[in-house]
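To be precise, the following lines are protein14.txt, and they hold compact mmCIF, C-alpha atoms.
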```
# COMPACT_ATOMS: atom_id res chain seq x y z
CA MET N 1 34.59 -73.26 -5.27
CA ARG N 2 36.10 -69.87 -6.02
CA ARG N 3 32.85 -68.71 -7.64
CA LEU N 4 30.87 -69.85 -4.63
CA SER N 5 33.21 -68.05 -2.26
CA LYS N 6 32.99 -64.84 -4.32
CA LYS N 7 29.19 -64.95 -4.28
CA LYS N 8 29.19 -65.58 -0.55
CA ALA N 9 31.57 -62.68 0.06
CA LEU N 10 29.48 -60.38 -2.13
CA SER N 11 26.32 -61.30 -0.25
CA LEU N 12 28.08 -60.65 3.06
CA VAL N 13 29.16 -57.19 1.87
CA LYS N 14 25.62 -56.37 0.75
CA GLU N 15 24.18 -57.45 4.09
CA LEU N 16 26.78 -55.47 6.01
CA ASP N 17 25.15 -52.50 7.82
CA ALA N 18 27.00 -50.42 10.42
CA PHE N 19 23.84 -48.72 11.68
CA PRO N 20 21.55 -50.53 14.09
CA LYS N 21 18.02 -51.19 12.92
CA VAL N 22 14.91 -50.95 15.04
CA SER N 23 12.41 -53.69 14.69
CA GLU N 24 9.12 -52.61 13.07
CA SER N 25 7.23 -54.00 16.07
CA PHE N 26 8.81 -51.27 18.23
CA VAL N 27 7.97 -48.40 15.81
CA GLU N 28 4.76 -46.42 16.34
CA THR N 29 3.54 -44.14 13.54
CA THR N 30 1.83 -40.90 14.53
CA ALA N 31 0.03 -38.09 12.64
CA SER N 32 2.09 -35.36 14.32
CA GLY N 33 4.96 -35.82 11.91
CA GLY N 34 2.79 -35.23 8.85
CA THR N 35 1.11 -32.26 10.51
CA ALA N 36 4.49 -30.75 11.36
CA PHE N 37 5.73 -31.07 7.79
CA SER N 38 2.48 -29.61 6.41
CA ALA N 39 2.66 -26.59 8.75
CA MET N 40 6.33 -26.19 7.93
CA ALA N 41 5.64 -26.15 4.19
CA ILE N 42 2.80 -23.62 4.51
CA LEU N 43 4.82 -21.25 6.70
CA ALA N 44 7.84 -21.57 4.42
CA VAL N 45 5.75 -20.58 1.39
CA LEU N 46 4.25 -17.62 3.25
CA GLU N 47 7.70 -16.54 4.38
CA PHE N 48 8.89 -16.66 0.77
CA PHE N 49 6.11 -14.25 -0.23
CA VAL N 50 7.16 -11.95 2.61
CA TYR N 51 10.73 -12.15 1.33
CA ARG N 52 9.62 -11.15 -2.16
CA ASP N 53 7.61 -8.17 -0.87
CA THR N 54 9.12 -4.73 -0.37
CA TRP N 55 8.29 -1.77 1.85
CA MET N 56 8.94 1.94 1.76
CA LYS N 57 11.34 3.56 4.21
CA TYR N 58 10.86 7.25 5.05
CA GLU N 59 13.78 9.37 6.22
CA TYR N 60 13.59 13.06 7.16
CA GLU N 61 16.25 15.74 7.00
CA VAL N 62 16.54 19.50 6.64
CA ASP N 63 16.31 20.76 3.07
CA LYS N 64 19.49 22.75 2.46
CA ASP N 65 18.85 23.45 -1.22
CA PHE N 66 17.32 26.91 -1.47
CA SER N 67 18.99 28.10 -4.67
CA SER N 68 17.34 25.68 -7.08
CA LYS N 69 14.09 26.39 -8.90
CA LEU N 70 10.76 24.75 -8.21
CA LYS N 71 8.87 23.34 -11.18
CA ILE N 72 5.08 23.64 -11.17
CA ASN N 73 3.15 21.40 -13.57
CA VAL N 74 -0.34 22.71 -14.35
CA ASP N 75 -3.26 21.27 -16.31
CA ILE N 76 -6.47 23.11 -15.38
CA THR N 77 -9.61 23.61 -17.47
CA VAL N 78 -11.74 26.70 -16.73
CA ALA N 79 -15.28 27.15 -18.05
CA MET N 80 -14.44 30.48 -19.72
CA LYS N 81 -13.09 31.42 -23.09
CA CYS N 82 -9.33 31.79 -23.37
CA GLN N 83 -9.47 35.48 -24.29
CA HIS N 84 -11.29 36.21 -21.02
CA VAL N 85 -9.00 34.42 -18.56
CA GLY N 86 -5.34 34.73 -17.59
CA ALA N 87 -2.86 32.94 -15.30
CA ASP N 88 0.28 34.15 -13.56
CA ILE N 89 2.37 33.48 -10.43
CA LEU N 90 3.38 36.00 -7.78
CA ASP N 91 5.87 34.86 -5.15
CA LEU N 92 6.54 36.14 -1.63
CA ALA N 93 9.10 38.70 -2.86
CA GLU N 94 6.40 40.29 -5.04
CA THR N 95 8.19 38.88 -8.07
CA MET N 96 5.82 38.20 -10.92
CA ILE N 97 6.60 35.06 -12.88
CA THR N 98 5.58 35.38 -16.47
CA SER N 99 3.34 32.62 -17.71
CA THR N 100 5.31 31.99 -20.89
CA GLY N 101 5.49 28.28 -20.03
CA LEU N 102 1.70 27.99 -19.87
CA GLN N 103 -0.41 27.38 -22.96
CA TYR N 104 -4.05 28.34 -23.52
CA GLN N 105 -6.11 25.84 -25.51
CA PRO N 106 -9.84 26.25 -26.32
CA VAL N 107 -11.68 23.05 -25.38
CA ILE N 108 -15.11 21.70 -24.47
CA PHE N 109 -15.71 21.70 -20.73
CA GLU N 110 -18.17 18.80 -20.69
CA LEU N 111 -16.47 15.39 -20.57
CA THR N 112 -17.24 12.46 -22.82
CA PRO N 113 -18.53 9.19 -21.27
CA GLN N 114 -15.05 7.67 -21.48
CA GLN N 115 -13.48 10.69 -19.80
CA ARG N 116 -16.21 10.73 -17.14
CA LEU N 117 -15.49 7.06 -16.38
CA TRP N 118 -11.80 7.89 -15.99
CA GLN N 119 -12.69 10.72 -13.61
CA ARG N 120 -14.92 8.49 -11.46
CA THR N 121 -12.16 5.89 -11.22
CA LEU N 122 -9.70 8.57 -10.19
CA HIS N 123 -12.11 9.88 -7.53
CA LEU N 124 -12.49 6.35 -6.16
CA ILE N 125 -8.71 5.96 -5.89
CA GLN N 126 -8.40 9.36 -4.23
CA SER N 127 -11.05 8.53 -1.63
CA ARG N 128 -9.39 5.21 -0.83
CA LEU N 129 -6.02 6.90 -0.39
CA ARG N 130 -7.55 9.44 2.00
CA GLU N 131 -9.29 6.76 4.08
CA GLU N 132 -6.54 4.12 4.16
CA HIS N 133 -3.24 5.81 4.98
CA ALA N 134 -1.46 2.46 4.68
CA LEU N 135 -2.14 2.59 0.93
CA GLN N 136 -0.05 5.73 0.49
CA GLU N 137 3.06 3.70 -0.38
CA VAL N 138 1.27 1.64 -3.02
CA PRO N 139 1.73 4.25 -5.81
CA TYR N 140 5.43 4.51 -4.93
CA LYS N 141 5.87 0.73 -5.09
CA THR N 142 4.04 0.23 -8.37
CA LEU N 143 4.97 3.26 -10.48
CA LEU N 144 3.36 1.81 -13.55
CA LYS N 145 5.02 3.62 -16.40
CA GLY N 146 2.56 4.55 -19.06
CA ALA N 147 -0.40 4.08 -16.69
CA PRO N 148 -3.50 6.14 -17.61
CA THR N 149 -3.00 8.87 -15.01
CA ALA N 150 -3.80 11.64 -17.49
CA LEU N 151 -7.21 12.55 -18.86
CA PRO N 152 -7.76 10.49 -22.03
CA PRO N 153 -8.37 12.53 -25.20
CA ARG N 154 -11.73 12.73 -26.87
CA GLU N 155 -12.58 9.87 -29.20
CA SER N 156 -13.68 12.09 -32.08
CA SER N 157 -14.18 15.73 -32.93
CA SER N 158 -17.39 17.30 -31.67
CA ILE N 159 -19.58 20.01 -33.13
CA GLU N 160 -20.17 21.52 -29.69
CA PRO N 161 -18.81 25.04 -29.18
CA LEU N 162 -15.45 25.48 -27.44
CA ASP N 163 -16.75 27.02 -24.24
CA ALA N 164 -13.74 26.44 -21.96
CA CYS N 165 -10.02 27.09 -21.79
CA ARG N 166 -7.40 24.51 -20.90
CA ILE N 167 -4.36 26.07 -19.20
CA HIS N 168 -1.49 23.60 -19.21
CA GLY N 169 2.29 23.55 -19.11
CA HIS N 170 4.98 24.10 -16.51
CA VAL N 171 6.61 27.10 -14.84
CA TYR N 172 9.87 27.39 -12.85
CA VAL N 173 9.63 29.53 -9.71
CA ASN N 174 11.78 30.33 -6.70
CA LYS N 175 11.57 27.99 -3.69
CA VAL N 176 9.57 30.48 -1.64
CA ALA N 177 5.89 30.91 -0.93
CA GLY N 178 3.83 32.05 -3.89
CA ASN N 179 0.37 32.32 -5.38
CA LEU N 180 -0.89 31.01 -8.71
CA HIS N 181 -3.71 33.22 -9.98
CA ILE N 182 -6.28 32.24 -12.58
CA THR N 183 -8.74 35.08 -12.91
CA VAL N 184 -10.46 37.37 -15.39
CA GLY N 185 -8.26 39.23 -17.88
CA LYS N 186 -4.71 38.82 -19.09
CA PRO N 187 -1.97 39.62 -16.52
CA ILE N 188 0.26 42.66 -16.92
CA HIS N 189 3.26 43.76 -14.89
CA HIS N 190 3.90 47.35 -13.80
CA PRO N 191 6.15 48.99 -11.17
CA GLN N 192 3.40 49.16 -8.56
CA GLY N 193 2.71 45.44 -8.70
CA HIS N 194 0.70 43.36 -11.11
CA ALA N 195 -2.86 43.46 -12.43
CA HIS N 196 -5.28 41.77 -14.80
CA ILE N 197 -7.04 43.62 -17.60
CA ALA N 198 -10.66 42.76 -16.86
CA ALA N 199 -12.40 45.95 -17.94
CA PHE N 200 -13.37 44.59 -21.35
CA VAL N 201 -14.86 41.34 -19.99
CA SER N 202 -18.59 41.28 -19.28
CA HIS N 203 -19.49 40.33 -15.70
CA GLU N 204 -22.14 37.91 -16.98
CA SER N 205 -19.41 35.81 -18.66
CA TYR N 206 -17.64 35.11 -15.35
CA ASN N 207 -17.69 31.39 -14.66
CA PHE N 208 -14.93 29.83 -12.62
CA SER N 209 -16.21 26.30 -12.73
CA HIS N 210 -13.02 24.35 -13.27
CA ARG N 211 -11.45 20.93 -13.39
CA ILE N 212 -7.91 20.17 -12.22
CA ASP N 213 -6.70 17.32 -14.39
CA HIS N 214 -3.16 17.54 -13.03
CA LEU N 215 -1.25 19.68 -10.56
CA SER N 216 2.16 18.67 -9.25
CA PHE N 217 5.48 20.11 -8.16
CA GLY N 218 8.94 19.05 -9.24
CA GLU N 219 9.75 16.25 -11.64
CA GLU N 220 6.72 14.43 -12.99
CA VAL N 221 6.71 10.75 -12.01
CA PRO N 222 4.56 8.40 -14.12
CA GLY N 223 1.93 6.53 -12.13
CA ILE N 224 1.85 8.94 -9.18
CA ILE N 225 -1.60 10.33 -8.30
CA ASN N 226 -1.50 13.79 -6.74
CA PRO N 227 -4.07 15.04 -4.20
CA LEU N 228 -5.81 17.48 -6.56
CA ASP N 229 -5.84 15.32 -9.69
CA GLY N 230 -9.39 14.91 -10.95
CA THR N 231 -10.84 17.69 -8.77
CA GLU N 232 -13.91 19.33 -10.33
CA LYS N 233 -15.79 22.38 -9.03
CA ILE N 234 -19.06 23.56 -10.56
CA THR N 235 -20.62 26.93 -9.71
CA TYR N 236 -23.58 28.91 -11.02
CA ASN N 237 -22.46 32.13 -9.38
CA ASN N 238 -20.45 34.74 -11.27
CA ASN N 239 -18.63 35.94 -8.15
CA GLN N 240 -17.10 32.70 -6.87
CA MET N 241 -13.61 32.44 -5.37
CA TYR N 242 -11.76 29.14 -5.03
CA GLN N 243 -8.67 28.89 -2.84
CA TYR N 244 -6.24 25.99 -2.46
CA PHE N 245 -3.66 26.22 0.32
CA ILE N 246 -0.77 23.87 -0.43
CA THR N 247 2.27 22.83 1.59
CA VAL N 248 4.99 21.41 -0.66
CA VAL N 249 7.47 18.87 0.76
CA PRO N 250 10.65 18.10 -1.24
CA THR N 251 10.90 14.35 -1.80
CA LYS N 252 13.68 12.13 -3.11
CA LEU N 253 12.25 8.92 -4.52
CA ASN N 254 14.42 5.82 -4.87
CA THR N 255 12.68 2.60 -5.91
CA TYR N 256 13.60 -0.41 -8.00
CA GLU N 257 11.70 1.15 -10.91
CA ILE N 258 12.72 4.80 -10.82
CA ALA N 259 14.78 7.43 -9.01
CA ALA N 260 13.54 11.03 -9.08
CA ASP N 261 13.62 14.34 -7.20
CA THR N 262 9.98 15.28 -6.88
CA HIS N 263 7.66 16.92 -4.34
CA GLN N 264 4.69 15.80 -2.29
CA PHE N 265 2.07 18.22 -1.06
CA SER N 266 -0.94 18.48 1.20
CA VAL N 267 -3.86 20.75 0.40
CA THR N 268 -6.69 22.56 2.15
CA GLU N 269 -9.60 23.83 0.06
CA ARG N 270 -11.84 26.83 0.58
CA GLU N 271 -14.49 28.48 -1.56
CA ARG N 272 -16.75 31.46 -0.98
CA MET N 273 -18.92 33.91 -2.86
CA ILE N 274 -17.69 37.47 -3.28
CA ASN N 275 -20.28 39.87 -1.91
CA HIS N 276 -18.92 43.29 -1.01
CA ALA N 277 -22.24 44.37 0.51
CA ALA N 278 -22.08 41.47 2.99
CA GLY N 279 -18.41 42.06 3.82
CA SER N 280 -17.03 39.18 1.73
CA HIS N 281 -14.34 40.99 -0.22
CA GLY N 282 -11.92 39.62 -2.77
CA VAL N 283 -11.56 38.84 -6.45
CA SER N 284 -13.37 36.11 -8.32
CA GLY N 285 -11.07 33.42 -9.59
CA ILE N 286 -8.93 30.40 -8.73
CA PHE N 287 -6.00 30.93 -6.36
CA VAL N 288 -3.44 28.26 -5.54
CA LYS N 289 -1.34 29.44 -2.60
CA TYR N 290 1.70 27.25 -2.02
CA ASP N 291 4.54 27.23 0.49
CA THR N 292 7.60 24.98 0.68
CA SER N 293 8.51 22.93 3.75
CA SER N 294 11.95 23.14 5.36
CA LEU N 295 12.07 19.35 5.70
CA MET N 296 12.98 16.94 2.94
CA VAL N 297 11.71 13.36 2.78
CA THR N 298 13.71 10.51 1.28
CA VAL N 299 11.51 7.58 0.22
CA SER N 300 13.46 4.41 -0.54
CA GLU N 301 12.22 0.93 -1.33
CA GLN N 302 13.59 -1.72 1.02
CA HIS N 303 13.90 -5.47 0.58
CA MET N 304 14.56 -8.25 3.07
CA PRO N 305 18.18 -9.48 2.74
CA LEU N 306 18.81 -13.12 1.83
CA TRP N 307 20.58 -13.95 5.10
CA GLN N 308 17.61 -12.71 7.12
CA PHE N 309 15.26 -14.83 5.04
CA LEU N 310 17.41 -17.93 5.66
CA VAL N 311 17.57 -17.21 9.40
CA ARG N 312 13.79 -16.81 9.59
CA LEU N 313 13.34 -20.01 7.57
CA CYS N 314 15.59 -21.95 9.96
CA GLY N 315 13.66 -20.48 12.87
CA ILE N 316 10.41 -21.72 11.34
CA ILE N 317 11.75 -25.24 10.83
CA GLY N 318 13.26 -25.50 14.32
CA GLY N 319 10.25 -23.90 15.96
CA ILE N 320 7.82 -26.27 14.24
CA PHE N 321 9.86 -29.32 15.29
CA SER N 322 10.15 -28.15 18.90
CA THR N 323 6.53 -27.03 19.21
CA THR N 324 5.02 -30.16 17.68
CA GLY N 325 7.28 -32.35 19.87
CA MET N 326 6.19 -30.58 23.04
CA LEU N 327 2.53 -30.64 22.03
CA HIS N 328 2.74 -34.33 21.19
CA SER N 329 4.31 -35.12 24.56
CA LEU N 330 1.76 -32.98 26.40
CA VAL N 331 -1.20 -34.56 24.62
CA GLY N 332 0.23 -38.04 25.21
CA PHE N 333 0.74 -37.33 28.90
CA CYS N 334 -2.80 -36.04 29.32
CA PHE N 335 -4.16 -39.02 27.39
CA ASN N 336 -2.27 -41.47 29.61
CA VAL N 337 -3.52 -39.74 32.78
CA ILE N 338 -7.14 -39.90 31.61
CA CYS N 339 -6.86 -43.52 30.50
CA CYS N 340 -5.21 -44.49 33.78
CA ARG N 341 -7.87 -42.70 35.82
CA PHE N 342 -10.83 -44.28 34.02
CA LYS N 343 -9.05 -47.58 33.19
CA LEU N 344 -9.33 -47.14 29.44
CA GLY N 345 -7.23 -48.48 26.61
CA VAL N 346 -4.09 -50.25 27.72
CA TYR N 347 -5.04 -49.62 31.34
CA ARG N 348 -8.24 -51.66 31.05
CA PRO N 349 -7.98 -54.96 33.02
CA ARG N 350 -7.73 -58.01 30.77
CA GLU N 351 -10.18 -60.92 30.99
CA ASP N 352 -7.51 -63.49 32.01
CA SER N 353 -6.41 -61.11 34.77
CA LEU N 354 -9.96 -60.87 36.05
CA LEU N 355 -10.33 -64.67 35.96
CA HIS N 356 -7.05 -65.09 37.81
CA ASN N 357 -8.12 -62.61 40.47
CA GLN N 358 -11.46 -64.38 40.88
CA MET N 359 -9.71 -67.75 41.31
CA ASN N 360 -7.41 -66.23 43.90
CA ASN N 361 -10.34 -64.79 45.80
CA LEU N 362 -12.15 -68.14 45.68
CA THR N 363 -9.08 -69.95 46.96
CA ASN N 364 -8.70 -67.51 49.80
CA HIS N 365 -12.30 -68.01 50.82
CA GLN N 366 -12.10 -71.83 50.71
CA SER N 367 -8.80 -72.24 52.62
CA PRO N 368 -10.22 -71.65 56.15
CA LEU N 369 -12.99 -74.15 55.52
CA LEU N 370 -10.48 -76.83 54.58
CA ALA N 371 -8.43 -76.07 57.64
CA GLY N 372 -11.52 -76.41 59.85
CA ASN N 373 -12.45 -79.76 58.40
CA ALA N 374 -8.95 -81.08 59.02
CA GLY N 375 -9.19 -80.16 62.69
CA LEU N 376 -12.46 -82.03 63.06
CA GLU N 377 -10.98 -85.20 61.73
```
Once more with this new file: its structure as C-alpha cells, please.
Amino acid sequence: MRRLSKKKALSLVKELDAFPKVSESFVETTASGGTAFSAMAILAVLEFFVYRDTWMKYEYEVDKDFSSKLKINVDITVAMKCQHVGADILDLAETMITSTGLQYQPVIFELTPQQRLWQRTLHLIQSRLREEHALQEVPYKTLLKGAPTALPPRESSSIEPLDACRIHGHVYVNKVAGNLHITVGKPIHHPQGHAHIAAFVSHESYNFSHRIDHLSFGEEVPGIINPLDGTEKITYNNNQMYQYFITVVPTKLNTYEIAADTHQFSVTERERMINHAAGSHGVSGIFVKYDTSSLMVTVSEQHMPLWQFLVRLCGIIGGIFSTTGMLHSLVGFCFNVICCRFKLGVYRPREDSLLHNQMNNLTNHQSPLLAGNAGLE
C-alpha cells in the first residue's frame, strides 16, 4: 500500500504544471516566425562584421612645432652617370643643405621584367587611389609591414653598362620652403649663393630621364604608398626641365599596428623644354619644390565600442519582431478583406447552409398555397 501511494504521489508531482497549456487545435503555425528568425540571424552576422571593422578619424589643428627638422627620404634614378650629376637642397633662407646624407650609386636605368611588373602594379594602385578617394584610408588601415613597397633588386648581375645614377638616402632640413635640385655638375657653396660645376660636362650627355622609386617626408612608414612613388619620365631632349611642386602636411598616425610622426603631401607636376631663343629660360634638371603646411593632421583608427554593438544588436532583434508582427497583421487583414469580399476561403458558403437556405425558400413559397387551400375547404 505504501509503495502504491508513493508511486501515485510521484506521478502526481510529475503531472503537476503551474503554467496553462493551449490545446494544439487552437495553435496555428505560420511562416513569419521562421522568416523573422532568418532575417534576424543575417542582420546580426552583418552587424558583427561592422563591429569588427575600423575606420580612420581625421582631426586638424595648427602645427606649433617649427623648431624640429624635416626629414626628406629620396630614392631617384637619373639616366646620367654619377660623375655628371649632383643633388643639393636650398631652403627659403638661402641656406644650402649639404647632400652628405645622399649616396650616388651607378646602376642600369632599364628595369628587368620583374621590376617592370612591380612598377605596373604600383601605377595601378596609384591610379585607383587617385580615382577613388574613399580608398585613401586603406593604406593606413593595413600597414603591411614588410610589404613590397620598394623596387625589388635585380635577380642577377648584368653585363650591360652602368648608364644611370641612383641618388638615395635622407637629408634633414628646416621646416621652411625649399628646393631639391638634381642637375648637371656637383654642387658647390660660395658666399654669393650656390652653383653646380657643369663646365666639364658635354651638352650631348644631358639626359634627365628619371624614375622616382621613393620620395617621402618624415618618418618612413612601411606599407604606405606616396604620390610620386613609381613615377617615370622619359625624354629625348637634352634641355628638359622637370618641376614638382609639393605641399607637405605634418601627420600623426595612430593605428592598431603602428604609431608614427610622418608627413603627407600633394604634388603638381610640370615639365618644359629649355629654349632661350623662344623665351623659355631656366636650367635643365629635376627640381622638387616643397613647402610645409601650417595645419597638422592626426589620423587615428577608431573601433565601435562593445556597448554600442550590443545596443544595435538589441535594436535589430526588437525591430525585426515588431516589423514582422505588424506586417503579418497587415497581410492577414488584407487577406481577410479580400476573402470576405469575394467569398473565398472560410467566407465561402457551405453546402449544408445552401441546402438549408433553399429549404427555407421553398417553405416560404409553399406556405401561402397551403393557407389558400384551407380557406377553400
**OP:** Would you mind telling me which residue in N:Lys233, N:His328, N:His263, N:His281 lies nearest to N:Phe109 when using all atoms listed in the file?
**Re:**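 Among N:Lys233, N:His328, N:His263, N:His281, it is N:Lys233 that comes nearest to N:Phe109.
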Subject >> Selection: 9 Å around N:Tyr206, only C-alpha atoms, excl. self and same-chain fewer than 3 positions, as a PyMOL selection string >> reply: chain N and resi 79-80+84+184+201-203+237-240+284-285
Subject >> Given only C-alpha atoms as the counted atoms, nearest of N:Phe208, N:Tyr236, N:Tyr60, N:Tyr51 to N:Lys252 >> reply: N:Tyr60
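Relative to atom CA of N:Asp163, atom CA of N:Glu110 is found at 9.1 Å.
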**OP:** Would you mind listing what lies within 10 Å of N:Leu151 as number ranges by chain, with all atoms listed in the file counted and same-chain residues fewer than 4 positions away left out?
**Re:** N: 75, 111, 114-116, 118-119, 122, 213-214, 229-230
**OP:** Go through N:Gly223, N:Pro187, N:Gly279, N:Gly315 one by one, measure the shortest atom-to-atom distance of each to N:Glu47 using all atoms listed in the file, and give the residue with the smallest value.
**Re:** N:Gly315
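Using all atoms listed in the file for every distance, the candidate list N:Thr247, N:Lys289, N:Cys165, N:Thr235 yields N:Thr235 as the residue closest to N:Arg272.
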Subject >> Which residue of N:Cys82, N:Val173, N:Ile72, N:Val337 approaches N:Gly218 most closely, using all atoms listed in the file >> reply: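 Looking only at the distances to N:Gly218, the closest residue turns out to be N:Ile72.
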**OP:** Might you pull out every residue within 10 Å of stretch 302-305 of chain N, with only C-alpha atoms counted and same-chain residues fewer than 3 positions away left off, and present them as a ChimeraX atom specification?
**Re:** /N:50-57,254-256,299,308-310
N, CA, C and O atoms are what I want for stretch 173-185 of chain N; can you complete it accordingly and write them as a PDB file, in the coordinates of the input?
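The file below, rebuild-v8.pdb, is the result:
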```pdb
ATOM      1  N   VAL N 173       9.732  28.427 -10.660  1.00  0.00           N
ATOM      2  CA  VAL N 173       9.630  29.530  -9.710  1.00  0.00           C
ATOM      3  C   VAL N 173      10.687  29.356  -8.631  1.00  0.00           C
ATOM      4  O   VAL N 173      11.336  28.305  -8.518  1.00  0.00           O
ATOM      5  N   ASN N 174      10.868  30.411  -7.835  1.00  0.00           N
ATOM      6  CA  ASN N 174      11.780  30.330  -6.700  1.00  0.00           C
ATOM      7  C   ASN N 174      11.172  29.469  -5.587  1.00  0.00           C
ATOM      8  O   ASN N 174       9.952  29.368  -5.466  1.00  0.00           O
ATOM      9  N   LYS N 175      12.033  28.873  -4.768  1.00  0.00           N
ATOM     10  CA  LYS N 175      11.570  27.990  -3.690  1.00  0.00           C
ATOM     11  C   LYS N 175      11.147  28.817  -2.474  1.00  0.00           C
ATOM     12  O   LYS N 175      11.683  28.692  -1.375  1.00  0.00           O
ATOM     13  N   VAL N 176      10.181  29.692  -2.705  1.00  0.00           N
ATOM     14  CA  VAL N 176       9.570  30.480  -1.640  1.00  0.00           C
ATOM     15  C   VAL N 176       8.067  30.416  -1.833  1.00  0.00           C
ATOM     16  O   VAL N 176       7.566  29.907  -2.835  1.00  0.00           O
ATOM     17  N   ALA N 177       7.346  30.916  -0.847  1.00  0.00           N
ATOM     18  CA  ALA N 177       5.890  30.910  -0.930  1.00  0.00           C
ATOM     19  C   ALA N 177       5.415  31.756  -2.100  1.00  0.00           C
ATOM     20  O   ALA N 177       6.011  32.793  -2.431  1.00  0.00           O
ATOM     21  N   GLY N 178       4.358  31.327  -2.738  1.00  0.00           N
ATOM     22  CA  GLY N 178       3.830  32.050  -3.890  1.00  0.00           C
ATOM     23  C   GLY N 178       2.357  31.779  -4.071  1.00  0.00           C
ATOM     24  O   GLY N 178       1.718  31.057  -3.300  1.00  0.00           O
ATOM     25  N   ASN N 179       1.802  32.394  -5.124  1.00  0.00           N
ATOM     26  CA  ASN N 179       0.370  32.320  -5.380  1.00  0.00           C
ATOM     27  C   ASN N 179       0.159  32.229  -6.890  1.00  0.00           C
ATOM     28  O   ASN N 179       0.611  33.086  -7.642  1.00  0.00           O
ATOM     29  N   LEU N 180      -0.515  31.176  -7.300  1.00  0.00           N
ATOM     30  CA  LEU N 180      -0.890  31.010  -8.710  1.00  0.00           C
ATOM     31  C   LEU N 180      -2.303  31.550  -8.889  1.00  0.00           C
ATOM     32  O   LEU N 180      -3.250  31.060  -8.274  1.00  0.00           O
ATOM     33  N   HIS N 181      -2.416  32.596  -9.740  1.00  0.00           N
ATOM     34  CA  HIS N 181      -3.710  33.220  -9.980  1.00  0.00           C
ATOM     35  C   HIS N 181      -4.258  32.757 -11.323  1.00  0.00           C
ATOM     36  O   HIS N 181      -3.549  32.742 -12.318  1.00  0.00           O
ATOM     37  N   ILE N 182      -5.527  32.425 -11.337  1.00  0.00           N
ATOM     38  CA  ILE N 182      -6.280  32.240 -12.580  1.00  0.00           C
ATOM     39  C   ILE N 182      -7.554  33.045 -12.417  1.00  0.00           C
ATOM     40  O   ILE N 182      -8.477  32.657 -11.680  1.00  0.00           O
ATOM     41  N   THR N 183      -7.609  34.172 -13.080  1.00  0.00           N
ATOM     42  CA  THR N 183      -8.740  35.080 -12.910  1.00  0.00           C
ATOM     43  C   THR N 183      -9.058  35.759 -14.227  1.00  0.00           C
ATOM     44  O   THR N 183      -8.475  35.420 -15.278  1.00  0.00           O
ATOM     45  N   VAL N 184      -9.977  36.727 -14.165  1.00  0.00           N
ATOM     46  CA  VAL N 184     -10.460  37.370 -15.390  1.00  0.00           C
ATOM     47  C   VAL N 184      -9.400  38.320 -15.919  1.00  0.00           C
ATOM     48  O   VAL N 184      -8.778  39.074 -15.158  1.00  0.00           O
ATOM     49  N   GLY N 185      -9.173  38.311 -17.227  1.00  0.00           N
ATOM     50  CA  GLY N 185      -8.260  39.230 -17.880  1.00  0.00           C
ATOM     51  C   GLY N 185      -6.829  38.709 -17.941  1.00  0.00           C
ATOM     52  O   GLY N 185      -6.401  37.899 -17.123  1.00  0.00           O
TER      53      GLY N 185
END
```
